[in-house]
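Colleague: Here it is, the structure in full.
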Amino acid sequence: AFPGAYIINSGIGSFPIYKSTPDLESYGSIGASNKNEYLIVMPGYKITVYTDTNYGTTNVKTIDNTTSSNIYHVATTGATWANKISSIKLYYGSTEIN
């Protein structure tokens, strides 16, 4: 399987995203909660990121790269998003990958 997205932290490394994850820090997860500085979204994919676990609705942001053939790279700056993502949904086109 190929990751549809990555969470990047310059001091730690990259965390590949293969599927929607309700808690990025929980046991068996990738250990990426609150470690994001950049997000990479591969062509054909879309992510929705949340500052709360379990896809809570306090702060939600969608990065859609479903219609491009280029890799999309975005910095998660500002007090709302930098190092604050706790859960993520991954889609290929409009289909969520669980």
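Within each chain, counting starts at residue 1; across the structure tokens, chains are named A, B, ... in the order shown, with ligands numbered 1 upward in that order.
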Just want the 10 Å neighbourhood of region 80-82 of chain A, counted on only C-alpha atoms, with same-chain residues fewer than 3 positions away dropped. Output as a PyMOL selection string.
Modeller: chain A and resi 34-38+49-51+59-61+75-77+85
Colleague: Run DSSP on the backbone and give me the residues of chain A it puts in helix (DSSP H, G or I), as a ChimeraX atom specification.
Modeller: /A:53-55,78-81
Colleague: Restricted to N, CA, C and O atoms, what would the selected residues look like written as a compact mmCIF listing (two decimals), in the first residue's frame?
Modeller:
```txt
# COMPACT_ATOMS: atom_id res chain seq x y z
N THR A 53 -9.33 14.55 19.01
CA THR A 53 -9.37 13.14 18.68
C THR A 53 -10.79 12.76 18.27
O THR A 53 -11.74 13.50 18.50
N ASN A 54 -10.91 11.60 17.64
CA ASN A 54 -12.21 11.07 17.21
C ASN A 54 -12.96 12.02 16.30
O ASN A 54 -14.19 12.10 16.36
N TYR A 55 -12.22 12.74 15.49
CA TYR A 55 -12.79 13.65 14.48
C TYR A 55 -13.70 14.71 15.10
O TYR A 55 -14.72 15.07 14.54
N GLY A 78 0.48 28.82 12.34
CA GLY A 78 -0.51 29.52 13.14
C GLY A 78 -0.88 28.75 14.39
O GLY A 78 -0.68 27.55 14.49
N ALA A 79 -1.45 29.45 15.33
CA ALA A 79 -1.79 28.86 16.63
C ALA A 79 -2.82 27.74 16.53
O ALA A 79 -2.84 26.83 17.34
N THR A 80 -3.69 27.79 15.53
CA THR A 80 -4.74 26.78 15.42
C THR A 80 -4.23 25.44 14.93
O THR A 80 -4.68 24.40 15.38
N TRP A 81 -3.25 25.41 14.01
CA TRP A 81 -2.87 24.17 13.35
C TRP A 81 -1.47 23.66 13.65
O TRP A 81 -1.24 22.46 13.61
```
Colleague: Set the distance at 12 Å and use only C-alpha atoms: which residues neighbour region 1-11 of chain A once local chain neighbours fewer than 6 positions away are removed? I'd like the list as a ChimeraX atom specification.
Modeller: /A:17-20,24,30-49,63-66,71-76,82-93,96-97
Colleague: Based on DSSP run over this structure's backbone, return all residues of region 3-35 of chain A in strand (DSSP E or B), as a PyMOL selection string.
Modeller: chain A and resi 5-9+13-17+21
Colleague: CA of Pro22 (chain A) and CA of Asn98 (chain A), how far apart in Å?
Modeller: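 Here the two named atoms are 10.0 Å from each other.
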Colleague: Work out how far apart CA of Ser14 (chain A) and CA of Ser26 (chain A) are and give it in Å to one decimal.
Modeller: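 Separation of CA of Ser14 (chain A) and CA of Ser26 (chain A): 17.4 Å.
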